[in-house]
Amino acid sequence: MNASLLSIRGLRTSFPTRRGLVQAVDGVDLDVRPGECLGVVGESGSGKSVTFLSVLGLVRPPGRVEADAIGFLGRDLSRLSPSEMRAVRGREIAVTMQDALTALNPSFTVETQIVETIEAHDPSVGRKAARTRAIEMLRLVGIPDAERRLSAYPHQFSGGMRQRVMVAIALACRPKLLIADEPTTALDVTIQSQVLDLIDDMRATLGMSVVLITHDLGIVAERCERVAVMYAGQVVETGPTRQVVETPVHPYTRGLLRSMPRLSHLDAPLLPIDGQVPDPTRLPEGCRFQPRCPQAIEECLQPIRLRPVSPARAARCVLAGAEP
Amino acid sequence: MSVALPALRAAEESIFVGNLKTFAANRLATISALVCLGFCLLALLAPLLAPQDPYESDLLRRLQPPAWEEGGEIGFLLGCDALGRDILSRMIYGTRISIVIGIAVVLIATVIGTCAGLLAGYLRGPVDVVISRVCDILLGFPYLIFAIALMAMMGPGLQNIILALAYKEWVLPCRVVRAETLAAREQDYVEAARALGASRWHIMGREILPNILSPVIVVATFRMAHIIIAEASLSFLGLGVQPPTASWGSMVADGRAFLLDAWWVSTFPGLAILALVLAINVASQGLRDAFDPRLAR
Amino acid sequence: MTPLRLLERLLQLVPVLLGISVIVFAMMALTPGDPVQIMLGDSLANEAQKESLRRDMGLDLPVMERFVRFLGNAVTGNFGLSFFHRRPVGEIILERLPATIELTLVSLVIAILVAIPLGVIAAVRRDSLLDRLATVGSMLGVSMPGFWFGILLILLFAVQLHWLPVSGRIGFGQEVPAVTRFVLVDALIAGRLDSFLDALRHILLPAVTLGLGMAALLMRVTRTAMVEALAQDYVVFAEAKGLSRARVIGRHALKNALIPTVTVAAIETGSLLGGNMIVETVFGWPGLGRLVVEAIFTRNYPLVQAAVLLYAVTYVLLNFVADLLYSVLNPKVRL
């Protein structure tokens with residue numbers, strides 16, 4: 001797909017552990033289009049965060065990343081040298097993490113942490129100009145009294161403000177893609193929507209794409225044009241959010257939808273998915289969801305690939321396409 | 001209580017066995033533990049194992065070199081000191097001093113420290129304040145200096161060394177036990193015992209103590225190494241056991257005057273200290289990793 | 001740390017210092033027999049002389065009064081007369097103190113220069129050969145009795161190789177006028193490079209003995225703190241910002257890892273004081289530690305008492321400094 005900003009093909013990431021090799025990401029194909037917000041949904045351990053850490057080359061040894069290709073603006077990120085990769089990180093693809101309290105360095109002021117990012121990608125910028133840009137960024141993300149707050153330490157901000165600071169740092173170099181890893185999990189419910197609104201605003205203001213990693217399908221339904229559902233290191237269903245939510249194809253997506261409360265059907269019973277996420281060192285044969293799947297048939301024990309369901313949709317299920 | 005407790009005890013026991021297995025799986029630590037055991041045997045069987053009489057001096061053998069050097073004799077494997085006494089035999093006898101003092105000080109300090117820590121942590125209030133203050137004050141003296149000063153005042157002797165080292169040593173187990181007790185007294189099993197009307201002595205001795213033994217054991221083994229070095233240091237300064245009793249520290253000191261022409265007199269006893277202390281340190285680190293992962297920092 | 005908080009922390013030291021004074025005072029009472037007789041040893045003193053010495057030392061007063069006098073004297077630095085030297089104890093201690101401080105500082109520098117880089121590299125390249133060697137080295141260092149390590153160094157570098165002197169602080173004919181009483185500094189002030197180098201050669205072995213012992217411990221602390229810091233989210237975030245690896249390790253991780261390291265270093269400097277006694281004895285270093293050891297054997301109790309009190313007070317103050325450093329380095333504690 002040439003229209004993609006980021007195009008991941010055949011990404012595999014594994015970690016050797018004492019109990020055996022953990023294939024945290026196993027053959028993931030994903031596309032992010034310019035200007036869109038892609039939701040990546042899955043339970044913890046489904047490989048959604050590791051996928052994007054791998055894309056950015058942030059998986060540490062002994063973890064291993066392999067990919068057929070990671071296309072980004074005409075380059076293959078999987079073939080870049082460490083220093084070329086460093087120029088992409090923070091400059092073209094930025095990341096925000098789950099909890100700003102742990103992601104921001106407690107020993108440095110906010111100023112240091114923004115300015116060093118700007119300087120890392122633009123060494124010629126003067127200290128003063130960098131500082132001005134830092135203040136600008138803090139204002140942009142809605143931090144009151146930005147100039148004074150610049151010299152504060154992360155712990156001196158409230159939770160919501162801290163999250164904004166992290167967004168400001170991530171966006172300091174105007175990236176083309178923001179990977180927001182669970183941006184709301186660590187926050188109070190009241191602040192969650194503020195932070196999501198901020199990310200939406202920034203997407204519009206800076207004209208960037210956003211990958212929203214979350215375990216909350218509700219947030220994706222509200223905010224993202226397209227969604228990719230991950231399970232046990234694989235993408236099991238992908239497509240336009242509205243279509244996926246309204247007519248889910250994969251039994252796991254259906255299970256996820258049934259297990260979350262919906263405003264329109266408050267009286268409908270919440271149904272958890274039976275069984276447990278598989279042990280990553282002992283994955284089931286064939287379809288990974290098959291042991292928990294209510295519709296499993298003999299064929300599910302065979303290896304399965306992501307199959308197109310409609311021009312815009314695909315699912316990793318033998319029943320896909322058979323359903324309306 | 002009698003219904004609930006056996007189950008708890010059984011669980012505690014199986015954890016203990018599991019910890020032991022973890023320890024045994026650590027090969028280096030197991031070997032070190034065996035080395036420690038070897039030193040203990042050496043101490044016990046010194047009269048049988050020592051090739052010579054450690055006190056018999058023979059001026060004809062003054063500063064006789066080790067067996068492999070010219071002028072050495074196989075019966076005096078590691079050579080002789082300035083009084084012509086066999087160094088190996090004196091080292092074997094010296095094991096006794098190190099081991100006896102190490103074990104005695106750790107035992108005394110652990111018993112006193114555990115009792116004080118339990119009282120402070122469980123009773124809280126004025127008892128805790130007094131015990132904690134005393135700990136703070138004793139911790140105000142740097143390592144060794146307290147013992148050196150005490151030895152200077154009390155005079156030399158085996159008993160006095162044990163006392164001088166134990167006077168301050170109990171503070172460490174006391175602090176650990178106090179912290180563990182403070183945490184334990186909020187736990188369900190203690191609350192349950194309290195609700196069932198168990199006496200405070202029963203709760204401290206029978207409920208809390210068995211559950212906090214792991215860190216106590218870890219601290220005790222870990223400190224043993226320090227104590228053995230401290231004893232050797234005191235003896236080296238001439239403040240330890242008195243001649244002619246052989247102690248590794250004083251043997252090293254004996255050789256200082258002859259560094260130029262008899263390197264072996266100081267070197268071998270020091271090597272023994274290093275070997276024993278190293279074995280204890282490695283073993284106790286293995287113990288700590290197996291028994292108390294929280295302490296494995 | 002606000003001035004008020006600082007004052008509060010300082011006030012907390014008072015009961016500890018008072019307790020230490022009580023113990024140091026009480027140690028004298030532990031001496032079996034008549035302290036005057038013990039101090040005089042075998043010298044033939046008549047009853048009148050003993051009585052006057054007893055009165056000089058205030059031994060005829062009630063215990064409480066003696067303690068108050070002891071405390072008052074201690075605060076004003078008056079520790080009485082050294083019977084052996086026939087000079088005030090305070091004066092003798094002051095004379096020996098610079099040598100001990102000089103040795104301690106040089107040891108500290110060696111410890112830090114060895115421990116921090118090694119600890120950082122070991123943490124960054126975890127499980128590498130260097131990490132393993134460093135771990136084994138630190139285990140050896142922690143288990144090594146300081147006096148024996150010193151003797152091994154003498155055997156190797158002084159006796160075998162003749163590179164360095166066996167003992168002392170400076171060679172004959174190299175003495176320089178005392179200004180600061182730190183020989184290394186005084187030699188530079190006097191413009192005597194030869195004396196400076198000679199003093200450096202003298203201090204090297206004792207400082208390495210003390211410094212490596214401390215480095216063993218400090219390296220472990222640095223490594224652990226660094227491993228912990230490197231596993232933090234802020235390190236991943238710093239890398240995700242596109243910072244260079246050197247900056248991520250050298251600034252983001254190290255600044256946080258240094259907090260426990262510096263704290264331990266300050267506390268361990270206090271422990272160096274104890275190690276000083278041993279090492280000064282081994283190397284014939286004319287400092288306070290050796291003075292105390294000599295005083296013990298000449299039964300010079302007022303001197304021993306004063307020195308022990310000084311050591312303990314220094315140690316407590318160093319712990320206080322460690323606390324201060326901790327709060328200075330850690331912005332979270334500052335308020």
# chains A, B, ... in the order shown; residues from 1 in each chain; ligands from 1

$ select_by_dssp --residues "stretch 32-150 of chain C" --states "helix (DSSP H, G or I)" --output "ChimeraX atom specification"
/C:35-40,47-56,63-75,89-124,129-143,146-150

$ write_last_selection --atoms "C-alpha atoms" --output "PDB file, in the first residue's frame"
ATOM      1  CA  PRO C  35      43.023   3.634  86.023  1.00  0.00           C
ATOM      2  CA  VAL C  36      45.770   5.707  87.545  1.00  0.00           C
ATOM      3  CA  GLN C  37      47.758   2.639  88.451  1.00  0.00           C
ATOM      4  CA  ILE C  38      47.244   1.241  84.959  1.00  0.00           C
ATOM      5  CA  MET C  39      48.312   4.478  83.339  1.00  0.00           C
ATOM      6  CA  LEU C  40      51.405   4.694  85.424  1.00  0.00           C
ATOM      7  CA  GLU C  47      50.927   7.711  96.757  1.00  0.00           C
ATOM      8  CA  ALA C  48      51.148  11.498  96.667  1.00  0.00           C
ATOM      9  CA  GLN C  49      51.944  11.518  92.951  1.00  0.00           C
ATOM     10  CA  LYS C  50      49.084   9.125  92.268  1.00  0.00           C
ATOM     11  CA  GLU C  51      46.761  11.277  94.312  1.00  0.00           C
ATOM     12  CA  SER C  52      47.719  14.378  92.370  1.00  0.00           C
ATOM     13  CA  LEU C  53      47.246  12.609  89.038  1.00  0.00           C
ATOM     14  CA  ARG C  54      43.874  11.373  90.240  1.00  0.00           C
ATOM     15  CA  ARG C  55      42.916  14.931  91.137  1.00  0.00           C
ATOM     16  CA  ASP C  56      44.220  16.255  87.817  1.00  0.00           C
ATOM     17  CA  VAL C  63      30.459  10.233  88.559  1.00  0.00           C
ATOM     18  CA  MET C  64      27.839  12.745  87.388  1.00  0.00           C
ATOM     19  CA  GLU C  65      30.141  15.668  88.004  1.00  0.00           C
ATOM     20  CA  ARG C  66      32.949  13.900  86.189  1.00  0.00           C
ATOM     21  CA  PHE C  67      30.674  13.325  83.196  1.00  0.00           C
ATOM     22  CA  VAL C  68      29.579  16.962  83.071  1.00  0.00           C
ATOM     23  CA  ARG C  69      33.215  18.028  83.240  1.00  0.00           C
ATOM     24  CA  PHE C  70      34.112  15.540  80.519  1.00  0.00           C
ATOM     25  CA  LEU C  71      31.324  16.844  78.311  1.00  0.00           C
ATOM     26  CA  GLY C  72      32.230  20.475  78.898  1.00  0.00           C
ATOM     27  CA  ASN C  73      35.861  19.753  78.128  1.00  0.00           C
ATOM     28  CA  ALA C  74      34.961  17.764  75.043  1.00  0.00           C
ATOM     29  CA  VAL C  75      32.897  20.614  73.621  1.00  0.00           C
ATOM     30  CA  VAL C  89      45.801  15.694  74.117  1.00  0.00           C
ATOM     31  CA  GLY C  90      43.916  18.060  71.804  1.00  0.00           C
ATOM     32  CA  GLU C  91      47.176  19.497  70.518  1.00  0.00           C
ATOM     33  CA  ILE C  92      48.655  16.080  69.726  1.00  0.00           C
ATOM     34  CA  ILE C  93      45.514  14.996  67.891  1.00  0.00           C
ATOM     35  CA  LEU C  94      45.390  18.177  65.830  1.00  0.00           C
ATOM     36  CA  GLU C  95      48.996  17.624  64.857  1.00  0.00           C
ATOM     37  CA  ARG C  96      48.296  14.115  63.540  1.00  0.00           C
ATOM     38  CA  LEU C  97      44.913  14.832  61.958  1.00  0.00           C
ATOM     39  CA  PRO C  98      46.084  16.322  58.613  1.00  0.00           C
ATOM     40  CA  ALA C  99      48.007  13.163  57.701  1.00  0.00           C
ATOM     41  CA  THR C 100      44.900  11.074  58.293  1.00  0.00           C
ATOM     42  CA  ILE C 101      42.652  13.442  56.369  1.00  0.00           C
ATOM     43  CA  GLU C 102      45.101  13.551  53.478  1.00  0.00           C
ATOM     44  CA  LEU C 103      45.233   9.759  53.304  1.00  0.00           C
ATOM     45  CA  THR C 104      41.450   9.500  53.544  1.00  0.00           C
ATOM     46  CA  LEU C 105      40.876  11.994  50.742  1.00  0.00           C
ATOM     47  CA  VAL C 106      43.351  10.370  48.376  1.00  0.00           C
ATOM     48  CA  SER C 107      41.795   6.972  49.137  1.00  0.00           C
ATOM     49  CA  LEU C 108      38.362   8.383  48.443  1.00  0.00           C
ATOM     50  CA  VAL C 109      39.488   9.753  45.089  1.00  0.00           C
ATOM     51  CA  ILE C 110      40.970   6.374  44.135  1.00  0.00           C
ATOM     52  CA  ALA C 111      37.806   4.585  45.239  1.00  0.00           C
ATOM     53  CA  ILE C 112      35.557   6.867  43.199  1.00  0.00           C
ATOM     54  CA  LEU C 113      37.771   6.807  40.113  1.00  0.00           C
ATOM     55  CA  VAL C 114      37.802   3.010  40.147  1.00  0.00           C
ATOM     56  CA  ALA C 115      34.297   2.232  41.337  1.00  0.00           C
ATOM     57  CA  ILE C 116      32.032   4.516  39.355  1.00  0.00           C
ATOM     58  CA  PRO C 117      33.341   3.878  35.819  1.00  0.00           C
ATOM     59  CA  LEU C 118      33.625   0.138  36.501  1.00  0.00           C
ATOM     60  CA  GLY C 119      30.165  -0.012  38.035  1.00  0.00           C
ATOM     61  CA  VAL C 120      28.642   1.862  35.110  1.00  0.00           C
ATOM     62  CA  ILE C 121      30.346  -0.266  32.457  1.00  0.00           C
ATOM     63  CA  ALA C 122      29.465  -3.464  34.299  1.00  0.00           C
ATOM     64  CA  ALA C 123      25.821  -2.396  34.456  1.00  0.00           C
ATOM     65  CA  VAL C 124      25.646  -1.295  30.826  1.00  0.00           C
ATOM     66  CA  LEU C 129      33.291 -10.701  30.624  1.00  0.00           C
ATOM     67  CA  LEU C 130      34.112  -7.330  32.150  1.00  0.00           C
ATOM     68  CA  ASP C 131      30.979  -7.427  34.300  1.00  0.00           C
ATOM     69  CA  ARG C 132      31.918 -10.845  35.595  1.00  0.00           C
ATOM     70  CA  LEU C 133      35.501  -9.815  36.297  1.00  0.00           C
ATOM     71  CA  ALA C 134      34.289  -6.721  38.116  1.00  0.00           C
ATOM     72  CA  THR C 135      31.865  -8.767  40.181  1.00  0.00           C
ATOM     73  CA  VAL C 136      34.563 -11.270  41.122  1.00  0.00           C
ATOM     74  CA  GLY C 137      36.938  -8.398  41.875  1.00  0.00           C
ATOM     75  CA  SER C 138      34.483  -6.679  44.141  1.00  0.00           C
ATOM     76  CA  MET C 139      33.715  -9.921  45.959  1.00  0.00           C
ATOM     77  CA  LEU C 140      37.450 -10.384  46.520  1.00  0.00           C
ATOM     78  CA  GLY C 141      37.823  -6.787  47.616  1.00  0.00           C
ATOM     79  CA  VAL C 142      35.034  -7.054  50.148  1.00  0.00           C
ATOM     80  CA  SER C 143      36.473 -10.284  51.556  1.00  0.00           C
ATOM     81  CA  GLY C 146      42.862  -4.619  54.658  1.00  0.00           C
ATOM     82  CA  PHE C 147      46.042  -5.216  56.645  1.00  0.00           C
ATOM     83  CA  TRP C 148      46.919  -8.280  54.593  1.00  0.00           C
ATOM     84  CA  PHE C 149      46.230  -6.544  51.292  1.00  0.00           C
ATOM     85  CA  GLY C 150      48.553  -3.761  52.432  1.00  0.00           C
TER      86      GLY C 150
END

$ select_by_dssp --residues "stretch 112-195 of chain A" --states "strand (DSSP E or B)" --output "ChimeraX atom specification"
/A:177-181

$ closest_atom_pairs --of "chain C" --to "chain A" --cutoff "12 Å" --atoms "only C-alpha atoms" --output "tab-separated table"
residue	atom	partner	partner_atom	distance
C:Val124	CA	A:Arg60	CA	11.3
C:Arg125	CA	A:Pro61	CA	10.4
C:Arg126	CA	A:Pro61	CA	10.4
C:Asp127	CA	A:Pro62	CA	11.2
C:Ala229	CA	A:Asn105	CA	10.1
C:Leu230	CA	A:Arg60	CA	10.9
C:Ala231	CA	A:Arg60	CA	10.4
C:Gln232	CA	A:Thr102	CA	7.1
C:Asp233	CA	A:Ala103	CA	4.7
C:Tyr234	CA	A:Ala103	CA	4.0
C:Val235	CA	A:Ala103	CA	7.5
C:Val236	CA	A:Leu58	CA	7.3
C:Phe237	CA	A:Ala103	CA	5.8
C:Ala238	CA	A:Ala103	CA	8.2
C:Glu239	CA	A:Leu58	CA	7.4
C:Ala240	CA	A:Arg89	CA	5.5
C:Lys241	CA	A:Gly90	CA	4.0
C:Gly242	CA	A:Arg89	CA	4.6
C:Leu243	CA	A:Ala120	CA	5.8
C:Ser244	CA	A:Arg86	CA	7.3
C:Arg245	CA	A:Arg86	CA	9.2
C:Ala246	CA	A:Ala120	CA	11.9
C:Arg247	CA	A:Glu116	CA	9.6
C:Val248	CA	A:Asn105	CA	10.7
C:Arg251	CA	A:Phe108	CA	9.5
C:His252	CA	A:Asn105	CA	6.8
C:Ala253	CA	A:Asn105	CA	8.7
C:Leu254	CA	A:Ser107	CA	10.2
C:Lys255	CA	A:Ser107	CA	7.0
C:Asn256	CA	A:Ser107	CA	6.6
C:Ala257	CA	A:Ser107	CA	10.3
C:Leu258	CA	A:Ser107	CA	10.7
C:Ile259	CA	A:Ser107	CA	9.8
C:Tyr326	CA	A:Ser107	CA	11.9
C:Ser327	CA	A:Ser107	CA	11.3
C:Val328	CA	A:Ser107	CA	10.5
C:Leu329	CA	A:Ser107	CA	7.7
C:Asn330	CA	A:Ser107	CA	6.4
C:Pro331	CA	A:Ser107	CA	6.0
C:Lys332	CA	A:His155	CA	6.8
C:Val333	CA	A:His155	CA	10.3
C:Arg334	CA	A:Tyr153	CA	10.8
C:Leu335	CA	A:Gln156	CA	10.1

$ write_last_selection --atoms "C-alpha atoms" --output "CSV table (one decimal), in the first residue's frame"
chain,number,residue,atom,x,y,z
C,124,VAL,CA,25.6,-1.3,30.8
C,125,ARG,CA,27.4,-4.4,29.6
C,126,ARG,CA,25.7,-6.8,31.9
C,127,ASP,CA,26.9,-10.4,32.0
C,229,ALA,CA,18.1,3.0,36.5
C,230,LEU,CA,18.7,1.5,33.1
C,231,ALA,CA,15.5,-0.6,33.5
C,232,GLN,CA,13.4,2.5,34.1
C,233,ASP,CA,10.8,3.9,31.8
C,234,TYR,CA,12.6,7.3,31.6
C,235,VAL,CA,15.6,5.6,30.0
C,236,VAL,CA,13.3,4.1,27.3
C,237,PHE,CA,11.7,7.5,26.8
C,238,ALA,CA,15.0,9.2,26.6
C,239,GLU,CA,16.1,6.8,23.9
C,240,ALA,CA,12.7,7.2,22.1
C,241,LYS,CA,13.4,10.9,22.0
C,242,GLY,CA,16.4,10.2,19.8
C,243,LEU,CA,19.1,11.0,22.3
C,244,SER,CA,22.6,9.5,21.9
C,245,ARG,CA,23.4,6.4,23.9
C,246,ALA,CA,26.2,8.2,25.7
C,247,ARG,CA,23.7,10.9,26.9
C,248,VAL,CA,21.1,8.3,27.9
C,251,ARG,CA,23.2,11.7,32.0
C,252,HIS,CA,19.7,10.1,32.3
C,253,ALA,CA,20.7,6.9,34.0
C,254,LEU,CA,23.8,8.0,35.8
C,255,LYS,CA,22.4,11.0,37.5
C,256,ASN,CA,19.8,8.8,39.2
C,257,ALA,CA,22.2,6.0,39.9
C,258,LEU,CA,24.6,8.4,41.6
C,259,ILE,CA,22.1,9.2,44.3
C,326,TYR,CA,20.9,12.6,49.1
C,327,SER,CA,18.4,15.4,49.4
C,328,VAL,CA,20.5,17.7,47.2
C,329,LEU,CA,20.8,15.1,44.5
C,330,ASN,CA,17.3,14.0,44.6
C,331,PRO,CA,14.9,16.8,43.6
C,332,LYS,CA,12.0,14.9,45.0
C,333,VAL,CA,13.3,15.2,48.5
C,334,ARG,CA,14.4,18.8,48.2
C,335,LEU,CA,11.1,20.4,49.3

$ interface_residues --of "chain B" --to "chain C" --cutoff "9 Å" --atoms "only C-alpha atoms" --output "ChimeraX atom specification"
/B:133-134,136-146,148-150,152-155,225-226,229-230,232-234,236-237,249,252-253,256,259-260,263,266-267,269-271,273-282,297

$ atom_distance --atom1 "atom CA of B:Leu165" --atom2 "atom CA of B:Ala147"
5.7 Å

$ decode --residues "stretch 125-172 of chain B" --atoms "C-alpha atoms" --output "PDB file, in the first residue's frame"
ATOM      1  CA  GLY B 125       5.857   2.934  72.307  1.00  0.00           C
ATOM      2  CA  PRO B 126       8.552   3.721  74.874  1.00  0.00           C
ATOM      3  CA  VAL B 127      10.231   0.309  74.493  1.00  0.00           C
ATOM      4  CA  ASP B 128      10.707   0.970  70.792  1.00  0.00           C
ATOM      5  CA  VAL B 129      11.987   4.494  71.437  1.00  0.00           C
ATOM      6  CA  VAL B 130      14.597   3.316  73.929  1.00  0.00           C
ATOM      7  CA  ILE B 131      15.817   0.400  71.823  1.00  0.00           C
ATOM      8  CA  SER B 132      15.924   2.428  68.624  1.00  0.00           C
ATOM      9  CA  ARG B 133      17.832   5.255  70.318  1.00  0.00           C
ATOM     10  CA  VAL B 134      20.408   2.851  71.683  1.00  0.00           C
ATOM     11  CA  CYS B 135      20.779   1.420  68.180  1.00  0.00           C
ATOM     12  CA  ASP B 136      21.258   4.887  66.690  1.00  0.00           C
ATOM     13  CA  ILE B 137      23.920   5.721  69.250  1.00  0.00           C
ATOM     14  CA  LEU B 138      25.841   2.473  68.745  1.00  0.00           C
ATOM     15  CA  LEU B 139      25.652   2.934  64.978  1.00  0.00           C
ATOM     16  CA  GLY B 140      27.330   6.302  65.544  1.00  0.00           C
ATOM     17  CA  PHE B 141      30.620   4.498  66.127  1.00  0.00           C
ATOM     18  CA  PRO B 142      32.456   3.518  62.971  1.00  0.00           C
ATOM     19  CA  TYR B 143      33.156  -0.113  62.216  1.00  0.00           C
ATOM     20  CA  LEU B 144      36.106  -1.460  64.273  1.00  0.00           C
ATOM     21  CA  ILE B 145      36.766   1.664  66.315  1.00  0.00           C
ATOM     22  CA  PHE B 146      34.197   0.730  68.919  1.00  0.00           C
ATOM     23  CA  ALA B 147      35.722  -2.721  69.265  1.00  0.00           C
ATOM     24  CA  ILE B 148      39.265  -1.345  69.299  1.00  0.00           C
ATOM     25  CA  ALA B 149      38.387   1.104  72.062  1.00  0.00           C
ATOM     26  CA  LEU B 150      36.645  -1.584  74.089  1.00  0.00           C
ATOM     27  CA  MET B 151      39.575  -3.960  73.728  1.00  0.00           C
ATOM     28  CA  ALA B 152      41.905  -1.177  74.787  1.00  0.00           C
ATOM     29  CA  MET B 153      39.882  -0.674  77.950  1.00  0.00           C
ATOM     30  CA  MET B 154      39.016  -4.288  78.776  1.00  0.00           C
ATOM     31  CA  GLY B 155      42.323  -5.796  77.881  1.00  0.00           C
ATOM     32  CA  PRO B 156      43.002  -8.759  75.589  1.00  0.00           C
ATOM     33  CA  GLY B 157      41.514 -12.246  75.746  1.00  0.00           C
ATOM     34  CA  LEU B 158      39.110 -14.497  73.869  1.00  0.00           C
ATOM     35  CA  GLN B 159      36.120 -13.627  76.040  1.00  0.00           C
ATOM     36  CA  ASN B 160      36.754  -9.923  75.759  1.00  0.00           C
ATOM     37  CA  ILE B 161      36.985 -10.067  71.950  1.00  0.00           C
ATOM     38  CA  ILE B 162      33.623 -11.792  71.778  1.00  0.00           C
ATOM     39  CA  LEU B 163      32.129  -9.200  74.110  1.00  0.00           C
ATOM     40  CA  ALA B 164      33.761  -6.250  72.358  1.00  0.00           C
ATOM     41  CA  LEU B 165      32.413  -7.347  68.983  1.00  0.00           C
ATOM     42  CA  ALA B 166      28.963  -8.372  70.241  1.00  0.00           C
ATOM     43  CA  TYR B 167      28.313  -5.107  72.108  1.00  0.00           C
ATOM     44  CA  LYS B 168      27.602  -3.360  68.833  1.00  0.00           C
ATOM     45  CA  GLU B 169      26.860  -6.268  66.535  1.00  0.00           C
ATOM     46  CA  TRP B 170      23.349  -6.993  67.844  1.00  0.00           C
ATOM     47  CA  VAL B 171      22.144  -3.669  66.423  1.00  0.00           C
ATOM     48  CA  LEU B 172      22.036  -5.024  62.864  1.00  0.00           C
TER      49      LEU B 172
END
